[in-house]
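Visitor: For reference, this is start-v8.csv, and it has CSV, C-alpha atoms.
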chain,number,residue,atom,x,y,z
V,1,MET,CA,124.2,127.7,123.7
V,2,ALA,CA,122.8,128.8,120.4
V,3,ALA,CA,119.3,128.5,118.9
V,4,VAL,CA,119.8,128.5,115.2
V,5,SER,CA,117.1,128.9,112.6
V,6,VAL,CA,118.3,127.2,109.4
V,7,THR,CA,117.2,127.5,105.8
V,8,VAL,CA,118.2,125.3,102.9
V,9,GLY,CA,119.4,127.3,100.1
V,10,GLY,CA,118.7,131.0,99.3
V,11,VAL,CA,115.1,131.2,98.0
V,12,ALA,CA,113.4,134.1,99.8
V,13,GLU,CA,110.0,132.9,100.9
V,14,ASN,CA,108.2,133.8,104.1
V,15,ALA,CA,108.6,131.0,106.6
V,16,VAL,CA,105.4,129.3,107.8
V,17,LYS,CA,104.5,130.5,111.3
V,18,SER,CA,103.6,128.2,114.2
V,19,VAL,CA,100.0,127.9,114.9
V,20,GLY,CA,98.0,126.1,117.6
V,21,LEU,CA,96.6,122.6,117.2
V,22,VAL,CA,96.3,121.7,113.5
V,23,GLY,CA,95.5,118.7,111.4
V,24,ALA,CA,97.6,116.0,112.9
V,25,VAL,CA,97.0,113.9,109.9
V,26,VAL,CA,98.7,116.4,107.5
V,27,LEU,CA,101.8,116.9,109.6
V,28,ALA,CA,102.3,113.2,110.2
V,29,TYR,CA,101.8,112.4,106.6
V,30,PHE,CA,105.3,113.5,105.7
V,31,GLU,CA,106.1,109.9,106.4
V,32,LEU,CA,104.3,109.1,103.2
V,33,VAL,CA,106.7,111.2,101.2
V,34,CYS,CA,109.8,110.2,103.2
V,35,VAL,CA,110.5,107.2,101.1
V,36,MET,CA,113.7,105.7,99.8
V,37,ALA,CA,113.2,104.7,96.2
V,38,ARG,CA,115.8,102.2,95.3
V,39,ASN,CA,116.1,103.2,91.7
V,40,VAL,CA,115.7,107.0,92.2
V,41,VAL,CA,118.8,109.1,91.8
V,42,CYS,CA,118.8,111.7,94.5
V,43,SER,CA,119.3,115.3,93.7
V,44,PRO,CA,122.5,117.1,94.8
V,45,VAL,CA,122.6,118.0,98.5
V,46,LEU,CA,121.1,121.4,99.3
V,47,PRO,CA,123.2,124.0,101.1
V,48,LEU,CA,122.0,125.3,104.5
V,49,ARG,CA,122.1,128.8,105.9
V,50,GLN,CA,121.5,129.8,109.5
V,51,GLN,CA,120.7,132.5,112.1
V,52,ARG,CA,122.2,132.0,115.6
V,53,ARG,CA,121.3,133.0,119.1
V,54,GLN,CA,123.9,132.6,121.9
V,55,ARG,CA,123.4,132.3,125.6
V,56,ARG,CA,126.0,133.6,127.9
V,57,GLY,CA,127.4,131.5,130.8
V,58,GLY,CA,127.3,127.8,131.4
V,59,GLU,CA,129.1,125.0,129.6
V,60,SER,CA,130.1,126.0,126.1
V,61,ALA,CA,127.8,124.8,123.3
V,62,GLU,CA,130.9,124.4,121.2
V,63,THR,CA,131.9,121.3,123.2
V,64,ARG,CA,128.7,119.3,122.8
V,65,PRO,CA,127.1,117.9,119.6
V,66,PRO,CA,124.4,120.2,118.2
V,67,LEU,CA,120.7,119.4,118.0
V,68,LEU,CA,119.3,119.3,114.5
V,69,THR,CA,115.5,119.4,114.1
V,70,TYR,CA,113.4,118.4,111.1
V,71,HIS,CA,109.7,119.5,110.9
V,72,GLY,CA,106.7,117.8,109.3
V,73,LEU,CA,104.8,118.1,106.1
V,74,PHE,CA,103.7,121.6,105.2
V,75,GLY,CA,105.7,122.9,108.1
V,76,SER,CA,108.9,125.0,108.5
V,77,LYS,CA,111.6,125.8,110.9
V,78,GLN,CA,109.3,128.4,112.4
V,79,ASN,CA,107.1,125.7,113.9
V,80,TRP,CA,110.1,124.9,116.2
V,81,ARG,CA,111.1,128.5,117.0
V,82,GLY,CA,109.5,128.6,120.5
V,83,ILE,CA,110.8,125.1,121.4
V,84,SER,CA,114.3,126.0,120.2
V,85,LYS,CA,114.5,129.2,122.2
V,86,ALA,CA,113.4,127.4,125.3
V,87,MET,CA,115.8,124.5,124.7
V,88,VAL,CA,118.9,126.6,124.7
V,89,ARG,CA,118.1,127.6,128.3
V,90,LYS,CA,118.1,123.9,129.3
V,91,VAL,CA,121.0,122.3,127.3
V,92,SER,CA,124.5,123.2,126.4
V,93,ARG,CA,124.2,122.7,122.7
V,94,LYS,CA,123.6,124.7,119.5
V,95,VAL,CA,120.0,124.1,118.4
V,96,TYR,CA,119.3,124.1,114.7
V,97,ALA,CA,115.7,124.2,113.3
V,98,ILE,CA,116.0,123.3,109.6
V,99,ASP,CA,113.7,123.9,106.7
V,100,VAL,CA,113.7,120.6,104.8
V,101,ARG,CA,113.8,120.7,101.0
V,102,ASN,CA,110.6,121.7,99.3
V,103,HIS,CA,109.3,123.5,102.4
V,104,GLY,CA,109.6,126.9,104.1
V,105,GLU,CA,112.4,129.0,102.7
V,106,SER,CA,114.2,126.1,101.2
V,107,PRO,CA,114.6,125.7,97.4
V,108,HIS,CA,112.3,123.3,95.5
V,109,SER,CA,113.9,120.1,94.3
V,110,SER,CA,112.6,117.4,92.0
V,111,VAL,CA,113.4,114.7,94.5
V,112,HIS,CA,111.8,114.3,97.9
V,113,ASN,CA,112.8,111.3,99.9
V,114,SER,CA,114.6,110.3,103.1
V,115,ARG,CA,117.8,109.5,101.2
V,116,ALA,CA,118.0,113.0,99.8
V,117,MET,CA,117.1,114.6,103.1
V,118,SER,CA,119.7,112.5,104.8
V,119,GLU,CA,122.4,113.7,102.4
V,120,ASP,CA,121.3,117.3,103.1
V,121,LEU,CA,121.9,116.7,106.8
V,122,ARG,CA,125.3,115.0,106.2
V,123,TRP,CA,126.4,117.9,104.1
V,124,PHE,CA,125.2,120.4,106.8
V,125,LEU,CA,127.3,118.7,109.5
V,126,GLU,CA,130.3,118.4,107.2
V,127,GLN,CA,130.2,122.1,106.2
V,128,ARG,CA,130.1,123.2,109.9
V,129,LYS,CA,132.7,120.6,110.9
V,130,HIS,CA,130.4,118.9,113.4
V,131,PRO,CA,131.6,115.3,113.7
V,132,HIS,CA,128.1,114.2,114.9
V,133,ALA,CA,124.8,115.6,116.2
V,134,ALA,CA,121.7,114.8,118.2
V,135,CYS,CA,118.9,114.5,115.8
V,136,MET,CA,115.2,115.2,116.4
V,137,GLY,CA,112.3,114.9,113.9
V,138,HIS,CA,108.5,115.2,114.1
V,139,SER,CA,106.3,113.2,111.8
V,140,MET,CA,107.8,113.4,108.3
V,141,GLY,CA,111.0,114.7,109.9
V,142,GLY,CA,110.9,111.9,112.4
V,143,ARG,CA,111.0,109.3,109.6
V,144,SER,CA,113.8,111.1,107.9
V,145,MET,CA,115.8,111.2,111.1
V,146,MET,CA,115.3,107.5,111.7
V,147,TYR,CA,116.6,106.8,108.2
V,148,PHE,CA,119.6,109.1,108.8
V,149,ALA,CA,120.5,107.4,112.1
V,150,ARG,CA,120.4,104.0,110.5
V,151,LYS,CA,122.2,105.1,107.3
V,152,TYR,CA,124.9,107.2,109.1
V,153,PRO,CA,125.0,106.0,112.8
V,154,GLU,CA,128.5,107.5,113.2
V,155,LEU,CA,127.0,111.0,112.6
V,156,VAL,CA,124.1,110.6,115.2
V,157,GLU,CA,125.0,110.9,118.8
V,158,ARG,CA,121.4,110.3,119.9
V,159,LEU,CA,118.0,110.3,118.3
V,160,ILE,CA,114.6,111.8,119.3
V,161,VAL,CA,111.5,110.7,117.3
V,162,VAL,CA,108.3,112.7,117.9
V,163,ASP,CA,105.0,110.9,117.4
V,164,ILE,CA,105.7,108.8,114.3
V,165,SER,CA,106.2,105.1,113.8
V,166,PRO,CA,108.6,103.5,111.3
V,167,ILE,CA,106.1,100.7,110.7
V,168,SER,CA,102.7,102.0,109.5
V,169,VAL,CA,100.7,105.0,108.6
V,170,PRO,CA,97.0,105.7,109.3
V,171,ARG,CA,96.0,107.5,106.1
V,172,SER,CA,95.8,106.3,102.6
V,173,THR,CA,97.6,107.8,99.6
V,174,GLY,CA,94.3,108.5,97.9
V,175,GLU,CA,93.2,110.9,100.7
V,176,MET,CA,96.4,112.9,100.5
V,177,THR,CA,96.2,113.0,96.7
V,178,GLU,CA,92.9,114.7,97.0
V,179,ILE,CA,94.5,117.4,99.1
V,180,PHE,CA,97.4,118.0,96.8
V,181,ASP,CA,95.1,118.0,93.7
V,182,ALA,CA,93.0,120.7,95.3
V,183,MET,CA,96.2,122.8,95.9
V,184,LEU,CA,97.5,122.2,92.4
V,185,THR,CA,94.3,123.0,90.6
V,186,LEU,CA,93.7,126.2,92.5
V,187,ASP,CA,93.4,129.1,90.0
V,188,LEU,CA,93.5,132.5,91.5
V,189,SER,CA,93.6,135.8,89.5
V,190,PRO,CA,96.5,138.1,90.3
V,191,THR,CA,94.0,140.9,90.6
V,192,MET,CA,92.5,139.3,93.7
V,193,SER,CA,93.6,140.5,97.1
V,194,MET,CA,95.3,138.1,99.5
V,195,SER,CA,92.1,137.9,101.6
V,196,GLU,CA,90.0,137.1,98.6
V,197,GLY,CA,92.4,134.5,97.4
V,198,ARG,CA,92.6,132.9,100.8
V,199,LYS,CA,88.8,132.7,101.0
V,200,ILE,CA,88.5,130.9,97.7
V,201,ALA,CA,91.5,128.6,98.4
V,202,ARG,CA,90.1,127.6,101.8
V,203,GLU,CA,86.7,126.8,100.4
V,204,LYS,CA,88.3,124.5,97.8
V,205,LEU,CA,90.5,122.7,100.3
V,206,LEU,CA,87.6,122.2,102.6
V,207,ARG,CA,86.1,119.9,100.0
V,208,ALA,CA,89.2,117.7,100.3
V,209,THR,CA,89.9,117.7,104.1
V,210,GLU,CA,88.9,119.0,107.5
V,211,ASP,CA,89.1,122.5,109.0
V,212,GLU,CA,92.3,122.1,111.0
V,213,THR,CA,94.3,120.7,108.2
V,214,VAL,CA,93.1,123.4,105.8
V,215,ASP,CA,94.1,126.1,108.3
V,216,PHE,CA,97.6,124.7,108.4
V,217,ILE,CA,97.9,124.3,104.6
V,218,MET,CA,96.8,127.9,104.1
V,219,LEU,CA,99.9,129.1,105.9
V,220,ASN,CA,101.7,128.1,102.7
V,221,LEU,CA,99.8,130.4,100.4
V,222,ARG,CA,101.9,133.3,99.0
V,223,LYS,CA,101.2,136.3,96.8
V,224,ASP,CA,104.0,138.0,94.9
V,225,PRO,CA,104.0,141.7,95.7
V,226,ASP,CA,105.1,142.6,92.2
V,227,THR,CA,103.1,140.4,89.9
V,228,GLY,CA,100.2,139.5,92.2
V,229,ALA,CA,100.6,135.8,91.4
V,230,PHE,CA,99.5,133.3,94.0
V,231,THR,CA,101.8,130.3,94.8
V,232,TRP,CA,102.4,127.7,97.4
V,233,ALA,CA,105.5,127.9,99.5
V,234,CYS,CA,105.8,124.1,99.6
V,235,ASN,CA,106.5,122.2,96.4
V,236,ALA,CA,103.0,120.6,96.1
V,237,GLN,CA,103.6,118.9,92.8
V,238,VAL,CA,106.8,117.1,93.8
V,239,LEU,CA,105.3,116.1,97.2
V,240,ARG,CA,102.3,114.7,95.4
V,241,ASP,CA,104.4,112.8,92.9
V,242,PHE,CA,106.3,111.0,95.7
V,243,LEU,CA,103.2,109.9,97.5
V,244,THR,CA,103.0,106.7,95.4
V,245,ARG,CA,106.2,105.4,97.0
V,246,PHE,CA,105.2,105.7,100.6
V,247,ASP,CA,104.8,102.0,101.2
V,248,LYS,CA,108.5,101.3,100.4
V,249,TYR,CA,109.6,103.3,103.5
V,250,GLN,CA,109.7,100.3,105.9
V,251,THR,CA,111.2,98.0,103.3
V,252,HIS,CA,114.2,100.2,102.7
V,253,LEU,CA,114.6,101.1,106.3
V,254,GLU,CA,114.8,97.4,107.2
V,255,GLU,CA,117.7,97.0,104.7
V,256,LEU,CA,119.8,99.1,107.0
V,257,PRO,CA,121.3,97.9,110.3
V,258,PRO,CA,119.6,98.8,113.6
V,259,TYR,CA,120.6,102.1,115.2
V,260,THR,CA,122.1,101.2,118.6
V,261,GLY,CA,122.6,104.7,119.9
V,262,PRO,CA,120.4,106.3,122.6
V,263,THR,CA,117.0,106.9,121.2
V,264,THR,CA,113.8,108.2,122.7
V,265,PHE,CA,110.3,108.3,121.2
V,266,ILE,CA,107.8,111.0,122.4
V,267,CYS,CA,104.2,110.2,121.4
V,268,GLY,CA,100.7,111.4,122.0
V,269,THR,CA,98.1,109.1,123.6
V,270,ARG,CA,95.4,110.5,121.3
V,271,SER,CA,97.5,110.3,118.1
V,272,PRO,CA,97.0,107.4,115.6
V,273,TYR,CA,100.6,107.6,114.4
V,274,MET,CA,102.2,105.4,117.0
V,275,ARG,CA,100.5,102.2,118.1
V,276,ARG,CA,101.5,100.6,121.4
V,277,GLU,CA,101.5,97.1,120.0
V,278,GLN,CA,104.2,98.1,117.5
V,279,TRP,CA,106.8,98.9,120.2
V,280,PRO,CA,108.4,95.4,120.5
V,281,GLN,CA,109.1,95.5,116.7
V,282,ILE,CA,110.4,99.1,116.9
V,283,GLN,CA,112.8,98.1,119.6
V,284,LYS,CA,114.4,95.6,117.3
V,285,MET,CA,115.2,98.5,114.9
V,286,PHE,CA,116.3,100.8,117.8
V,287,PRO,CA,117.4,98.4,120.6
V,288,ASN,CA,118.7,101.2,122.9
V,289,SER,CA,115.3,103.0,122.9
V,290,GLU,CA,112.7,104.2,125.3
V,291,ILE,CA,109.2,105.7,124.8
V,292,HIS,CA,107.3,108.4,126.6
V,293,TRP,CA,103.5,108.9,126.3
V,294,LEU,CA,102.0,112.4,126.8
V,295,GLU,CA,98.3,113.1,127.0
V,296,ALA,CA,98.2,114.8,123.6
V,297,GLY,CA,97.4,114.4,120.0
V,298,HIS,CA,100.0,114.4,117.2
V,299,LEU,CA,101.4,117.8,118.0
V,300,VAL,CA,102.8,116.8,121.4
V,301,HIS,CA,105.3,119.7,121.4
V,302,PHE,CA,102.5,122.2,121.0
V,303,GLU,CA,100.0,120.6,123.3
V,304,LYS,CA,102.4,119.7,126.1
V,305,PRO,CA,105.4,122.0,125.7
V,306,GLN,CA,106.7,121.9,129.2
V,307,GLU,CA,106.5,118.2,129.5
V,308,PHE,CA,108.0,117.8,126.1
V,309,LEU,CA,110.9,120.2,126.9
V,310,THR,CA,111.6,118.3,130.2
V,311,ILE,CA,111.9,114.9,128.4
V,312,VAL,CA,114.0,116.2,125.6
V,313,SER,CA,116.4,118.3,127.8
V,314,GLU,CA,116.9,115.5,130.3
V,315,PHE,CA,117.6,113.1,127.4
V,316,LEU,CA,120.1,115.5,125.8
V,317,ASN,CA,121.8,116.2,129.1
V,318,ARG,CA,122.4,112.5,129.9
V,319,SER,CA,125.9,111.1,129.6
V,320,ASP,CA,125.0,107.8,128.0
How would this structure read if it were set down as structure tokens?
Guide:
Amino acid sequence: MAAVSVTVGGVAENAVKSVGLVGAVVLAYFELVCVMARNVVCSPVLPLRQQRRQRRGGESAETRPPLLTYHGLFGSKQNWRGISKAMVRKVSRKVYAIDVRNHGESPHSSVHNSRAMSEDLRWFLEQRKHPHAACMGHSMGGRSMMYFARKYPELVERLIVVDISPISVPRSTGEMTEIFDAMLTLDLSPTMSMSEGRKIAREKLLRATEDETVDFIMLNLRKDPDTGAFTWACNAQVLRDFLTRFDKYQTHLEELPPYTGPTTFICGTRSPYMRREQWPQIQKMFPNSEIHWLEAGHLVHFEKPQEFLTIVSEFLNRSD
């Protein structure tokens, strides 16, 4: 089995490292930018590159569909490094953790929606000659994977959605706009040290949101070693621009047929991003679905890693 760390394109940025519990609101909010704008022409698909780990013995991972994982807003493939390493010891599959466009080491694109990210995944599978895959997504990534499964059901062997609903979101566009505006108006002198720049950036962001969210966003701050210029690893301007279309997500998702393949939702009991009363409506969209509740917040895979791994590995090892 192989754990694969995947990057979209060839831009050399340091990947965002995993941290402990962070602002659940921010990670989940990717859903707000995972929208399918009917009249938007998506950018060309972005090429993916990879690093692979292979485990000896056991059933060959080449005979099973791989697992593709999409992270959430402001995240990166590195957020899933630990889970991916553990997963290959439990399932006979290649495991790909992917930097979505406009995040991590992926190139920046002028388009950021579920349609474009679905095309990136389709191209990824095509280039590696995988006829289909198991798909897992958290928050923003979860909404993208739900769209991908309903758009290209023949490419999705099974679906795992981590703590996100296809129906509603608990945070307004205005609140997220304040965060992005704070990022985009940050003006740091190249003569500042990284620690000085981080201090000023953190103070400004704290005026827009809470501590945990700021700590996670700060992992995106970069300083060019040659010019000293400060930049954000994520494409803050494009992410902000696409916020205004978040309310179209469910409308465009419902235009697609239900996904009837095996589906599991893994949600936190303390998270506001999945509401129990929505489950009957969600089952109409994903009729072959089940749901698991863990005593956790939005970052269920960080807060309850062993329980999370058990649910995912058992689901992936099933023959249905």
Visitor: For Ser271 in chain V, which residue among V:Met194, V:Val169, V:Ala201, V:Ala133 is the nearest when counting only C-alpha atoms?
Guide: V:Val169
Visitor: Show me, as a PyMOL selection string, the residues that have an atom within 12 Å of Ser319 in chain V when counting only C-alpha atoms, minus same-chain residues fewer than 4 positions from it.
Guide: chain V and resi 64+157-158+262+314-315
Visitor: How many Å lie between CA of Asn102 in chain V and CA of Arg122 in chain V, rounded to one decimal?
Guide: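 Result for CA of Asn102 in chain V versus CA of Arg122 in chain V: 17.6 Å, one decimal.
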Visitor: Any idea what the distance is between CA of Ala116 in chain V and CA of Met145 in chain V?
Guide: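 Value for the CA of Ala116 in chain V-CA of Met145 in chain V distance: 11.7 Å.
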Visitor: Might you pull out every residue within 10 Å of Asp181 in chain V, with only C-alpha atoms counted and same-chain residues fewer than 5 positions away left off, and present them as a ChimeraX atom specification?
Guide: /V:176,186,205,208,236-237,240
Visitor: How about saving the chosen residues, C-alpha atoms kept, as a PDB file, in the frame of the given file?
Guide:
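So again.pdb came out as:
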ATOM      1  CA  MET V 176      96.400 112.900 100.500  1.00  0.00           C
ATOM      2  CA  LEU V 186      93.700 126.200  92.500  1.00  0.00           C
ATOM      3  CA  LEU V 205      90.500 122.700 100.300  1.00  0.00           C
ATOM      4  CA  ALA V 208      89.200 117.700 100.300  1.00  0.00           C
ATOM      5  CA  ALA V 236     103.000 120.600  96.100  1.00  0.00           C
ATOM      6  CA  GLN V 237     103.600 118.900  92.800  1.00  0.00           C
ATOM      7  CA  ARG V 240     102.300 114.700  95.400  1.00  0.00           C
TER       8      ARG V 240
END
Visitor: I'd like the interatomic distance between CA of Ile291 in chain V and CA of Ser165 in chain V, to a tenth of an Å.
Guide: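 If I compute the distance from CA of Ile291 in chain V to CA of Ser165 in chain V, I get 11.4 Å.
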Visitor: Given all atoms listed in the file as the basis, pick out the residue of V:Gln250, V:Leu206, V:Pro190, V:Val300 nearest to Pro225 in chain V.
Guide: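 Among V:Gln250, V:Leu206, V:Pro190, V:Val300, it is V:Pro190 that comes nearest to Pro225 in chain V.
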Visitor: Pick the closest to Ala97 in chain V from V:Lys85, V:Arg143, V:Arg222, V:Arg318: which is it, counting only C-alpha atoms?
Guide: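 Closest to Ala97 in chain V of all the choices is V:Lys85.
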Visitor: Which protein, DNA or RNA residues are at most 12 Å from (104.0, 116.3, 96.2) in the file's coordinates when you count only C-alpha atoms, listed as a CSV table (one decimal) with C-alpha atoms, in the frame of the given file?
Guide:
chain,number,residue,atom,x,y,z
V,29,TYR,CA,101.8,112.4,106.6
V,30,PHE,CA,105.3,113.5,105.7
V,32,LEU,CA,104.3,109.1,103.2
V,33,VAL,CA,106.7,111.2,101.2
V,34,CYS,CA,109.8,110.2,103.2
V,73,LEU,CA,104.8,118.1,106.1
V,74,PHE,CA,103.7,121.6,105.2
V,101,ARG,CA,113.8,120.7,101.0
V,102,ASN,CA,110.6,121.7,99.3
V,103,HIS,CA,109.3,123.5,102.4
V,108,HIS,CA,112.3,123.3,95.5
V,109,SER,CA,113.9,120.1,94.3
V,110,SER,CA,112.6,117.4,92.0
V,111,VAL,CA,113.4,114.7,94.5
V,112,HIS,CA,111.8,114.3,97.9
V,113,ASN,CA,112.8,111.3,99.9
V,173,THR,CA,97.6,107.8,99.6
V,176,MET,CA,96.4,112.9,100.5
V,177,THR,CA,96.2,113.0,96.7
V,178,GLU,CA,92.9,114.7,97.0
V,179,ILE,CA,94.5,117.4,99.1
V,180,PHE,CA,97.4,118.0,96.8
V,181,ASP,CA,95.1,118.0,93.7
V,182,ALA,CA,93.0,120.7,95.3
V,183,MET,CA,96.2,122.8,95.9
V,184,LEU,CA,97.5,122.2,92.4
V,232,TRP,CA,102.4,127.7,97.4
V,234,CYS,CA,105.8,124.1,99.6
V,235,ASN,CA,106.5,122.2,96.4
V,236,ALA,CA,103.0,120.6,96.1
V,237,GLN,CA,103.6,118.9,92.8
V,238,VAL,CA,106.8,117.1,93.8
V,239,LEU,CA,105.3,116.1,97.2
V,240,ARG,CA,102.3,114.7,95.4
V,241,ASP,CA,104.4,112.8,92.9
V,242,PHE,CA,106.3,111.0,95.7
V,243,LEU,CA,103.2,109.9,97.5
V,244,THR,CA,103.0,106.7,95.4
V,245,ARG,CA,106.2,105.4,97.0
V,246,PHE,CA,105.2,105.7,100.6
Visitor: So, with all atoms listed in the file as the atoms that count, which of V:Ile266, V:Leu68, V:Ala86, V:Met140 lies closest to Phe124 in chain V?
Guide: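 Of all the options, V:Leu68 lies closest to Phe124 in chain V.
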